[in-house]
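Asks: Sharing a structure with you now.
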Amino acid sequence: MASPNRNARSAVVLGRLLGIAFLVCFGTGIYSHLLQQPFPGMRFPTRPVQLYQFTQGLHITAGIAIIPLLLAKLNAVMPALVQVPPVRGVLHLLERLSIAVLVSAAIVQVGTGLLNTYQWYPWPFPFKQVHNALAYVIIGSLIVHVAVKLRVIARYWRARDSYDEHGRFVPDTTVGSELLPPAADREARLDPATPAAAAPTVTAYPRGLTGRLLRWVDGAPDPSTQGDVPEASRASRPSPEVRDGRRERIARRGFFAGVAAATVGVVALTAGQSSSLAEPFNVFGARQRHRGPNDLPVNRTARAAGVLATATAADWSLTVAGPAVSRTFSRAELVALGTAEADLPIACVEGWSQMATWRGVRMRDLLLAVQAEPGSRVRVTSLEQHGGYRVMEMGPEYAEDPTTLVALELNGATLDLDHGFPARIIAPGRPGVLQTKWIERIEVIA
């Protein structure tokens with residue numbers, strides 16, 4: 001607990017990084033949520049076509065980076081979390097409760113978010129709704145926490161104000177920090193005139209190899225050998241201030257180098273599921289790019305969706321219903337309408353994505369065939385009988401886009417059953433859950 005890294009400066013540095021990561025996750029998460037549940041009248045950009053691939057990849061990458069940063073932050077503030085007495089008054093109790101909410105919500109959020117990337121849900125609550133609600137809880141409690149600790153943050157924001165000329169941390173008892181060295185903490189809590197305040201702090205070490213290891217970590221001398229070592233001349237010995245400063249600098253650099261290595265490591269070993277640049281290093285990502293039917297990974301299979309029979313039925317047809325005209329197309333009739341090709345990514349909410357080449361009928365051509373008005377919204381229904389995304393609505397910005405297709409082919413081959421055969425939706429800049437597979441009906445709704 002006496003580690004020189006457990007101080008207000010370390011907490012501020014790690015807090016800055018965590019704050020940036022949480023804000024990135026919050027912004028990109030809200031964008032993803034609004035794409036799936038937009039407010040009336042909302043429109044979204046369709047260019048660049050890889051926009052959602054970028055925002056959701058950033059969301060998952062930042063969320064994974066939060067894990068080592070959060071562990072490092074908890075390590076740095078551990079003495080404050082387990083302080084005795086735990087509560088020193090009503091205001092202190094409220095502050096502690098806000099921190100408890102922030103820490104617990106953050107742990108649940110990043111833990112469940114990580115498991116969501118692997119589509120594993122070992123809990124009884126709906127992930128999407130809880131994940132969205134916890135985002136607001138975290139941001140709200142983070143604002144409260146920053147407001148409470150603003151004096152400490154301002155005092156230790158800059159490194160040059162946090163350390164003396166020898167590199168030692170400068171404790172300031174006037175700003176209300178709970179992360180103080182033992183001596184400074186006693187001075188802040190007790191009357192300096194009392195013997196307890198003036199008494200030196202003695203750390204008790206266990207005997208044997210463990211004690212020697214802990215003394216080496218803490219830079220403490222071994223009392224059993226002190227008498228055997230000849231004393232160096234006073235001129236050649238560094239002062240205690242220099243020795244302590246050097247030890248603190250080494251500890252800080254080692255600690256933050258370890259945090260940086262852990263953060264870069266988890267990001268580099270998972271970002272390949274959404275980034276082609278990091279693809280060779282994708283060791284732990286939930287999906288490997290270019291693996292699966294049609295050279296593309298699959299989230300939900302036809303068997304899981306319960307459409308093995310209906311999607312392969314010989315009498316399958318697609319109904320397109322306009323305000324006054326309704327038409328039914330077999331797969332051959334859709335091909336006969338003329339097909340277009342588009343390079344669009346599948347970008348899933350779990351964080352993986354991949355660019356692919358699609359061929360099919362333009363959505364706007366199908367809507368023109370049923371005399372739909374320009375600017376119409378559409379509702380698309382899947383052959384699935386259950387599931388939260390069985391019915392999907394699409395705004396006019398997507399319905400009129402020339403790259404929005406009722407896809408029939410993928411990467412130069414007939415659409416695989418697990419990818420939505422006989423026909424599916426593909427549109428630019430939308431989550432994969434809204435790229436409805438195994439469609440049976442398109443309806444103009446406005």
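A note on labels: chains of the structure tokens are A, B, ... as shown, every chain counts residues from 1, and ligands are counted from 1 in their shown order.
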For Ile138 of chain A, work out the shell of residues within 7 Å, counting only C-alpha atoms and skipping chain neighbours fewer than 4 positions away, then give it as a list in words.
Replies: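 So the residues in contact are Leu102, Ala105, Ala106, Leu134 and Leu142 of chain A.
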Asks: If you count only C-alpha atoms, which residues fall within 10 Å of segment 328-336 of chain A, apart from same-chain ones fewer than 5 positions away, as a ChimeraX atom specification?
Replies: /A:314-321,359-361,366,406-408,421-423,440-441
Asks: Counting only C-alpha atoms, figure out which residue out of A:Asn7, A:Thr312, A:Thr112, A:Thr403 gets nearest to Asn75 of chain A.
Replies: A:Asn7
Asks: Go through A:Arg430, A:Arg168, A:His419, A:Arg151 one by one, measure the shortest atom-to-atom distance of each to Ala311 of chain A using only C-alpha atoms, and give the residue with the smallest value.
Replies: A:His419
Asks: Can you pull out the residues contacting segment 260-265 of chain A? Cut-off 6 Å, using only C-alpha atoms, and skip same-chain residues under 4 positions away; I want them as a list in words.
Replies: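 Contacts, with the query itself left out: Ala65, Pro68 and Phe256 of chain A.
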Asks: Taking N, CA and C atoms for each residue, export the selection above as a short mmCIF file (atom, residue, chain, number, x, y, z; two decimals), in the first residue's frame.
Replies:
```cif
data_model
loop_
_atom_site.label_atom_id
_atom_site.label_comp_id
_atom_site.auth_asym_id
_atom_site.auth_seq_id
_atom_site.Cartn_x
_atom_site.Cartn_y
_atom_site.Cartn_z
N ALA A 65 -9.77 -1.20 -24.21
CA ALA A 65 -8.66 -0.45 -23.61
C ALA A 65 -9.00 -0.01 -22.19
N PRO A 68 -7.61 -2.60 -18.85
CA PRO A 68 -6.36 -2.43 -18.11
C PRO A 68 -6.24 -1.05 -17.46
N PHE A 256 3.80 2.73 -15.27
CA PHE A 256 3.09 3.24 -16.44
C PHE A 256 3.52 2.54 -17.72
#
```
Asks: Which residue is closest to Ala413 of chain A? Choose from A:Thr436, A:Gln371, A:Asn294, A:Thr381 and count only C-alpha atoms.
Replies: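 Smallest separation from Ala413 of chain A among the options: A:Asn294.
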Asks: Could you give me, as an MDAnalysis selection string, the residues within 9 Å of Gly306 of chain A, counting only C-alpha atoms and dropping anything in the same chain fewer than 2 positions from it?
Replies: chainID A and resid 301:304 308:310 383:386
Asks: Write a file of the just-selected residues containing N, CA, C and O atoms, as an mmCIF file, in the first residue's frame.
Replies:
```cif
data_model
loop_
_atom_site.group_PDB
_atom_site.id
_atom_site.type_symbol
_atom_site.label_atom_id
_atom_site.label_comp_id
_atom_site.auth_asym_id
_atom_site.auth_seq_id
_atom_site.Cartn_x
_atom_site.Cartn_y
_atom_site.Cartn_z
ATOM 1 N N THR A 301 -26.857 -17.917 -37.748
ATOM 2 C CA THR A 301 -27.014 -18.875 -38.830
ATOM 3 C C THR A 301 -28.486 -19.091 -39.158
ATOM 4 O O THR A 301 -29.384 -18.743 -38.378
ATOM 5 N N ALA A 302 -28.726 -19.696 -40.310
ATOM 6 C CA ALA A 302 -30.106 -20.005 -40.715
ATOM 7 C C ALA A 302 -30.739 -20.999 -39.757
ATOM 8 O O ALA A 302 -31.943 -20.918 -39.470
ATOM 9 N N ARG A 303 -29.959 -21.930 -39.238
ATOM 10 C CA ARG A 303 -30.497 -22.897 -38.282
ATOM 11 C C ARG A 303 -30.923 -22.191 -36.998
ATOM 12 O O ARG A 303 -31.996 -22.453 -36.451
ATOM 13 N N ALA A 304 -30.078 -21.290 -36.494
ATOM 14 C CA ALA A 304 -30.421 -20.556 -35.274
ATOM 15 C C ALA A 304 -31.654 -19.684 -35.479
ATOM 16 O O ALA A 304 -32.447 -19.489 -34.548
ATOM 17 N N LEU A 308 -34.483 -22.708 -42.065
ATOM 18 C CA LEU A 308 -33.917 -23.672 -43.002
ATOM 19 C C LEU A 308 -34.917 -24.095 -44.067
ATOM 20 O O LEU A 308 -34.582 -24.197 -45.261
ATOM 21 N N ALA A 309 -36.155 -24.319 -43.672
ATOM 22 C CA ALA A 309 -37.171 -24.780 -44.627
ATOM 23 C C ALA A 309 -37.739 -23.628 -45.437
ATOM 24 O O ALA A 309 -37.850 -23.711 -46.674
ATOM 25 N N THR A 310 -38.103 -22.534 -44.790
ATOM 26 C CA THR A 310 -38.782 -21.432 -45.500
ATOM 27 C C THR A 310 -37.847 -20.701 -46.463
ATOM 28 O O THR A 310 -38.270 -20.253 -47.523
ATOM 29 N N LEU A 383 -38.065 -13.726 -42.756
ATOM 30 C CA LEU A 383 -38.736 -15.014 -42.577
ATOM 31 C C LEU A 383 -38.628 -15.526 -41.143
ATOM 32 O O LEU A 383 -39.369 -16.445 -40.767
ATOM 33 N N GLU A 384 -37.728 -14.934 -40.365
ATOM 34 C CA GLU A 384 -37.626 -15.334 -38.957
ATOM 35 C C GLU A 384 -38.959 -15.121 -38.252
ATOM 36 O O GLU A 384 -39.670 -14.155 -38.510
ATOM 37 N N GLN A 385 -39.282 -16.022 -37.356
ATOM 38 C CA GLN A 385 -40.517 -15.898 -36.592
ATOM 39 C C GLN A 385 -40.292 -15.245 -35.239
ATOM 40 O O GLN A 385 -41.229 -14.781 -34.597
ATOM 41 N N HIS A 386 -39.047 -15.203 -34.786
ATOM 42 C CA HIS A 386 -38.738 -14.625 -33.488
ATOM 43 C C HIS A 386 -37.453 -13.814 -33.602
ATOM 44 O O HIS A 386 -36.681 -13.967 -34.536
#
```
Asks: Excluding same-chain residues fewer than 3 positions from Ser276 of chain A, what lies within 10 Å of it counting only C-alpha atoms, as a ChimeraX atom specification?
Replies: /A:271-273,279-282,289,353-355
Asks: Among segment 247-366 of chain A, which ones does DSSP assign to strand (DSSP E or B) (computed from the backbone)? Answer as a list in words.
Replies: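 After running DSSP on the backbone, segment 247-366 of chain A has strand (DSSP E or B) at Leu318, Thr319, Val320, Ala321, Ser326, Arg327, Thr328, Phe329, Ala340, Glu341, Ala342, Asp343, Leu344, Pro345, Ile346, Ala347, Ser353, Gln354, Met355, Ala356, Thr357, Trp358, Arg359, Gly360, Val361 and Arg362 of chain A.
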Asks: What does the file look like for those residues with C-alpha atoms, as a JSON list (two decimals), in the first residue's frame?
Replies:
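As written to disk, again.json reads:
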```json
[["chain", "number", "residue", "atom", "x", "y", "z"],
["A", 318, "LEU", "CA", -40.51, -11.28, -52.13],
["A", 319, "THR", "CA", -43.54, -9.01, -51.72],
["A", 320, "VAL", "CA", -42.98, -5.29, -52.27],
["A", 321, "ALA", "CA", -46.01, -3.28, -51.12],
["A", 326, "SER", "CA", -48.14, -4.31, -54.59],
["A", 327, "ARG", "CA", -45.93, -6.71, -56.51],
["A", 328, "THR", "CA", -44.46, -10.15, -55.85],
["A", 329, "PHE", "CA", -41.09, -11.23, -57.21],
["A", 340, "ALA", "CA", -26.02, -3.63, -59.46],
["A", 341, "GLU", "CA", -22.79, -4.16, -57.55],
["A", 342, "ALA", "CA", -21.59, -2.38, -54.43],
["A", 343, "ASP", "CA", -18.63, -2.73, -52.10],
["A", 344, "LEU", "CA", -20.05, -2.36, -48.60],
["A", 345, "PRO", "CA", -18.93, -3.56, -45.17],
["A", 346, "ILE", "CA", -20.78, -5.77, -42.76],
["A", 347, "ALA", "CA", -20.21, -3.94, -39.47],
["A", 353, "SER", "CA", -16.49, -5.92, -39.58],
["A", 354, "GLN", "CA", -15.37, -6.75, -43.08],
["A", 355, "MET", "CA", -15.70, -5.20, -46.52],
["A", 356, "ALA", "CA", -17.43, -7.39, -49.12],
["A", 357, "THR", "CA", -18.71, -7.17, -52.69],
["A", 358, "TRP", "CA", -22.48, -7.47, -53.04],
["A", 359, "ARG", "CA", -24.69, -7.80, -56.12],
["A", 360, "GLY", "CA", -28.45, -7.39, -56.20],
["A", 361, "VAL", "CA", -31.40, -5.16, -57.04],
["A", 362, "ARG", "CA", -31.31, -1.53, -55.96]]
```
Asks: Env of segment 42-45 of chain A: 9 Å cut, atoms = only C-alpha atoms, seq-sep filter 6 positions within chain, self excluded. Answer as a PyMOL selection string.
Replies: chain A and resi 34-35+51+395-398+428-429
Asks: Write out the residues from the selection above, keeping N, CA, C and O atoms, as a JSON list (two decimals), in the first residue's frame.
Replies:
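Generated file (result.json):
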```
[["chain", "number", "residue", "atom", "x", "y", "z"],
["A", 34, "LEU", "N", -28.89, 5.15, -31.58],
["A", 34, "LEU", "CA", -29.84, 5.95, -32.37],
["A", 34, "LEU", "C", -30.04, 5.36, -33.77],
["A", 34, "LEU", "O", -31.14, 5.47, -34.33],
["A", 35, "LEU", "N", -29.02, 4.75, -34.32],
["A", 35, "LEU", "CA", -29.20, 4.07, -35.61],
["A", 35, "LEU", "C", -30.24, 2.96, -35.50],
["A", 35, "LEU", "O", -31.03, 2.73, -36.42],
["A", 51, "LEU", "N", -18.60, 4.29, -42.30],
["A", 51, "LEU", "CA", -18.73, 5.12, -41.11],
["A", 51, "LEU", "C", -19.04, 4.28, -39.87],
["A", 51, "LEU", "O", -18.39, 4.42, -38.83],
["A", 395, "GLY", "N", -34.89, 4.46, -43.12],
["A", 395, "GLY", "CA", -35.21, 5.82, -43.50],
["A", 395, "GLY", "C", -34.99, 6.08, -44.98],
["A", 395, "GLY", "O", -34.31, 5.30, -45.68],
["A", 396, "PRO", "N", -35.51, 7.19, -45.49],
["A", 396, "PRO", "CA", -35.39, 7.49, -46.92],
["A", 396, "PRO", "C", -33.96, 7.70, -47.38],
["A", 396, "PRO", "O", -33.64, 7.46, -48.55],
["A", 397, "GLU", "N", -33.08, 8.15, -46.46],
["A", 397, "GLU", "CA", -31.69, 8.35, -46.87],
["A", 397, "GLU", "C", -31.04, 7.04, -47.28],
["A", 397, "GLU", "O", -30.15, 7.02, -48.15],
["A", 398, "TYR", "N", -31.47, 5.93, -46.69],
["A", 398, "TYR", "CA", -30.95, 4.62, -47.07],
["A", 398, "TYR", "C", -31.74, 4.04, -48.24],
["A", 398, "TYR", "O", -31.16, 3.45, -49.16],
["A", 428, "PRO", "N", -25.39, 1.16, -46.85],
["A", 428, "PRO", "CA", -24.15, 1.78, -46.34],
["A", 428, "PRO", "C", -24.34, 2.36, -44.94],
["A", 428, "PRO", "O", -25.37, 2.94, -44.61],
["A", 429, "GLY", "N", -23.30, 2.18, -44.10],
["A", 429, "GLY", "CA", -23.25, 2.84, -42.81],
["A", 429, "GLY", "C", -24.26, 2.39, -41.79],
["A", 429, "GLY", "O", -24.62, 3.16, -40.90]]
```
Asks: Among segment 212-308 of chain A, which ones does DSSP assign to alpha helix (DSSP H) (computed from the backbone)? Answer as a VMD selection string.
Replies: chain A and resid 212 to 218 223 to 226 240 to 268 302 to 305 308
Asks: Could you take the residues named above and write them with N, CA and C atoms, as a short mmCIF file (atom, residue, chain, number, x, y, z; two decimals), in the first residue's frame?
Replies:
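For reference, again_1.cif as written:
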```
data_model
loop_
_atom_site.label_atom_id
_atom_site.label_comp_id
_atom_site.auth_asym_id
_atom_site.auth_seq_id
_atom_site.Cartn_x
_atom_site.Cartn_y
_atom_site.Cartn_z
N ARG A 212 12.86 -10.41 2.15
CA ARG A 212 13.92 -9.81 1.34
C ARG A 212 13.37 -9.29 0.01
N LEU A 213 12.47 -10.05 -0.58
CA LEU A 213 11.87 -9.61 -1.85
C LEU A 213 11.07 -8.32 -1.65
N LEU A 214 10.27 -8.27 -0.57
CA LEU A 214 9.47 -7.07 -0.32
C LEU A 214 10.36 -5.87 0.01
N ARG A 215 11.45 -6.10 0.75
CA ARG A 215 12.37 -5.00 1.02
C ARG A 215 13.01 -4.49 -0.27
N TRP A 216 13.35 -5.44 -1.16
CA TRP A 216 13.94 -5.04 -2.45
C TRP A 216 12.96 -4.22 -3.26
N VAL A 217 11.67 -4.63 -3.28
CA VAL A 217 10.65 -3.89 -4.01
C VAL A 217 10.50 -2.48 -3.44
N ASP A 218 10.49 -2.39 -2.09
CA ASP A 218 10.28 -1.11 -1.44
C ASP A 218 11.56 -0.29 -1.31
N PRO A 223 17.90 -4.84 7.91
CA PRO A 223 18.56 -4.53 9.17
C PRO A 223 19.59 -5.58 9.59
N SER A 224 19.45 -6.80 9.13
CA SER A 224 20.39 -7.86 9.53
C SER A 224 21.74 -7.72 8.88
N THR A 225 21.82 -6.95 7.81
CA THR A 225 23.10 -6.81 7.09
C THR A 225 23.66 -5.40 7.16
N GLN A 226 22.90 -4.48 7.76
CA GLN A 226 23.37 -3.09 7.77
C GLN A 226 24.70 -2.94 8.49
N PRO A 240 19.42 11.23 0.94
CA PRO A 240 18.15 10.49 0.96
C PRO A 240 17.13 11.02 -0.04
N GLU A 241 17.14 12.35 -0.25
CA GLU A 241 16.20 12.93 -1.21
C GLU A 241 16.46 12.41 -2.62
N VAL A 242 17.75 12.36 -2.99
CA VAL A 242 18.10 11.87 -4.33
C VAL A 242 17.76 10.40 -4.48
N ARG A 243 18.09 9.59 -3.43
CA ARG A 243 17.79 8.16 -3.49
C ARG A 243 16.29 7.91 -3.60
N ASP A 244 15.52 8.61 -2.79
CA ASP A 244 14.06 8.42 -2.83
C ASP A 244 13.48 8.88 -4.16
N GLY A 245 13.98 9.99 -4.68
CA GLY A 245 13.48 10.48 -5.96
C GLY A 245 13.77 9.52 -7.10
N ARG A 246 15.02 8.95 -7.06
CA ARG A 246 15.37 7.97 -8.11
C ARG A 246 14.48 6.75 -8.02
N ARG A 247 14.23 6.28 -6.80
CA ARG A 247 13.39 5.09 -6.63
C ARG A 247 11.96 5.36 -7.09
N GLU A 248 11.43 6.54 -6.78
CA GLU A 248 10.06 6.87 -7.20
C GLU A 248 9.97 6.98 -8.72
N ARG A 249 10.99 7.59 -9.35
CA ARG A 249 10.97 7.70 -10.82
C ARG A 249 10.98 6.34 -11.48
N ILE A 250 11.84 5.44 -10.98
CA ILE A 250 11.90 4.08 -11.54
C ILE A 250 10.56 3.38 -11.37
N ALA A 251 9.96 3.52 -10.18
CA ALA A 251 8.67 2.87 -9.92
C ALA A 251 7.59 3.43 -10.84
N ARG A 252 7.57 4.75 -11.02
CA ARG A 252 6.56 5.35 -11.89
C ARG A 252 6.71 4.88 -13.33
N ARG A 253 7.96 4.92 -13.81
CA ARG A 253 8.19 4.53 -15.20
C ARG A 253 7.84 3.06 -15.42
N GLY A 254 8.20 2.22 -14.47
CA GLY A 254 7.86 0.81 -14.61
C GLY A 254 6.37 0.56 -14.58
N PHE A 255 5.68 1.25 -13.67
CA PHE A 255 4.23 1.07 -13.54
C PHE A 255 3.50 1.52 -14.80
N PHE A 256 3.80 2.73 -15.27
CA PHE A 256 3.09 3.24 -16.44
C PHE A 256 3.52 2.54 -17.72
N ALA A 257 4.77 2.06 -17.76
CA ALA A 257 5.17 1.24 -18.92
C ALA A 257 4.39 -0.06 -18.96
N GLY A 258 4.16 -0.66 -17.78
CA GLY A 258 3.36 -1.87 -17.72
C GLY A 258 1.91 -1.63 -18.13
N VAL A 259 1.35 -0.51 -17.66
CA VAL A 259 -0.03 -0.17 -18.04
C VAL A 259 -0.12 0.07 -19.54
N ALA A 260 0.85 0.81 -20.09
CA ALA A 260 0.85 1.08 -21.53
C ALA A 260 0.98 -0.21 -22.34
N ALA A 261 1.87 -1.10 -21.90
CA ALA A 261 2.06 -2.36 -22.62
C ALA A 261 0.79 -3.20 -22.58
N ALA A 262 0.12 -3.24 -21.42
CA ALA A 262 -1.12 -4.02 -21.31
C ALA A 262 -2.21 -3.43 -22.20
N THR A 263 -2.34 -2.11 -22.20
CA THR A 263 -3.39 -1.46 -23.00
C THR A 263 -3.13 -1.65 -24.49
N VAL A 264 -1.90 -1.37 -24.92
CA VAL A 264 -1.56 -1.56 -26.33
C VAL A 264 -1.72 -3.02 -26.72
N GLY A 265 -1.37 -3.92 -25.81
CA GLY A 265 -1.46 -5.34 -26.12
C GLY A 265 -2.89 -5.80 -26.37
N VAL A 266 -3.79 -5.46 -25.44
CA VAL A 266 -5.17 -5.94 -25.62
C VAL A 266 -5.83 -5.30 -26.83
N VAL A 267 -5.45 -4.04 -27.13
CA VAL A 267 -6.01 -3.38 -28.32
C VAL A 267 -5.46 -4.03 -29.59
N ALA A 268 -4.14 -4.20 -29.66
CA ALA A 268 -3.52 -4.75 -30.86
C ALA A 268 -3.98 -6.18 -31.15
N ALA A 302 -28.73 -19.70 -40.31
CA ALA A 302 -30.11 -20.01 -40.72
C ALA A 302 -30.74 -21.00 -39.76
N ARG A 303 -29.96 -21.93 -39.24
CA ARG A 303 -30.50 -22.90 -38.28
C ARG A 303 -30.92 -22.19 -37.00
N ALA A 304 -30.08 -21.29 -36.49
CA ALA A 304 -30.42 -20.56 -35.27
C ALA A 304 -31.65 -19.68 -35.48
N ALA A 305 -31.82 -19.16 -36.70
CA ALA A 305 -32.98 -18.31 -36.99
C ALA A 305 -34.24 -19.11 -37.28
N LEU A 308 -34.48 -22.71 -42.06
CA LEU A 308 -33.92 -23.67 -43.00
C LEU A 308 -34.92 -24.10 -44.07
#
```
Asks: Of the candidates A:Phe39, A:Trp352, A:Phe169, A:Tyr156, which shows the shortest atom-to-atom distance to Gly15 of chain A, using only C-alpha atoms?
Replies: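 Among the listed residues, the smallest separation from Gly15 of chain A belongs to A:Tyr156.
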Asks: So which one's closest to Ala324 of chain A, A:Gln36, A:Val298, A:Met363, A:Ala372? Using only C-alpha atoms, please.
Replies: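 Closest residue, counting only C-alpha atoms: A:Ala372.
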Asks: Any idea what's packed within 6 Å of segment 442-445 of chain A, counting only C-alpha atoms, ignoring anything in its chain fewer than 5 positions away? Could you give it as a ChimeraX atom specification?
Replies: /A:320-322,377-380
Asks: From the set A:Gly140, A:Gly208, A:Gly63, A:Gly176, which residue has the shortest atom-to-atom contact distance to Val101 of chain A, counting only C-alpha atoms?
Replies: A:Gly140
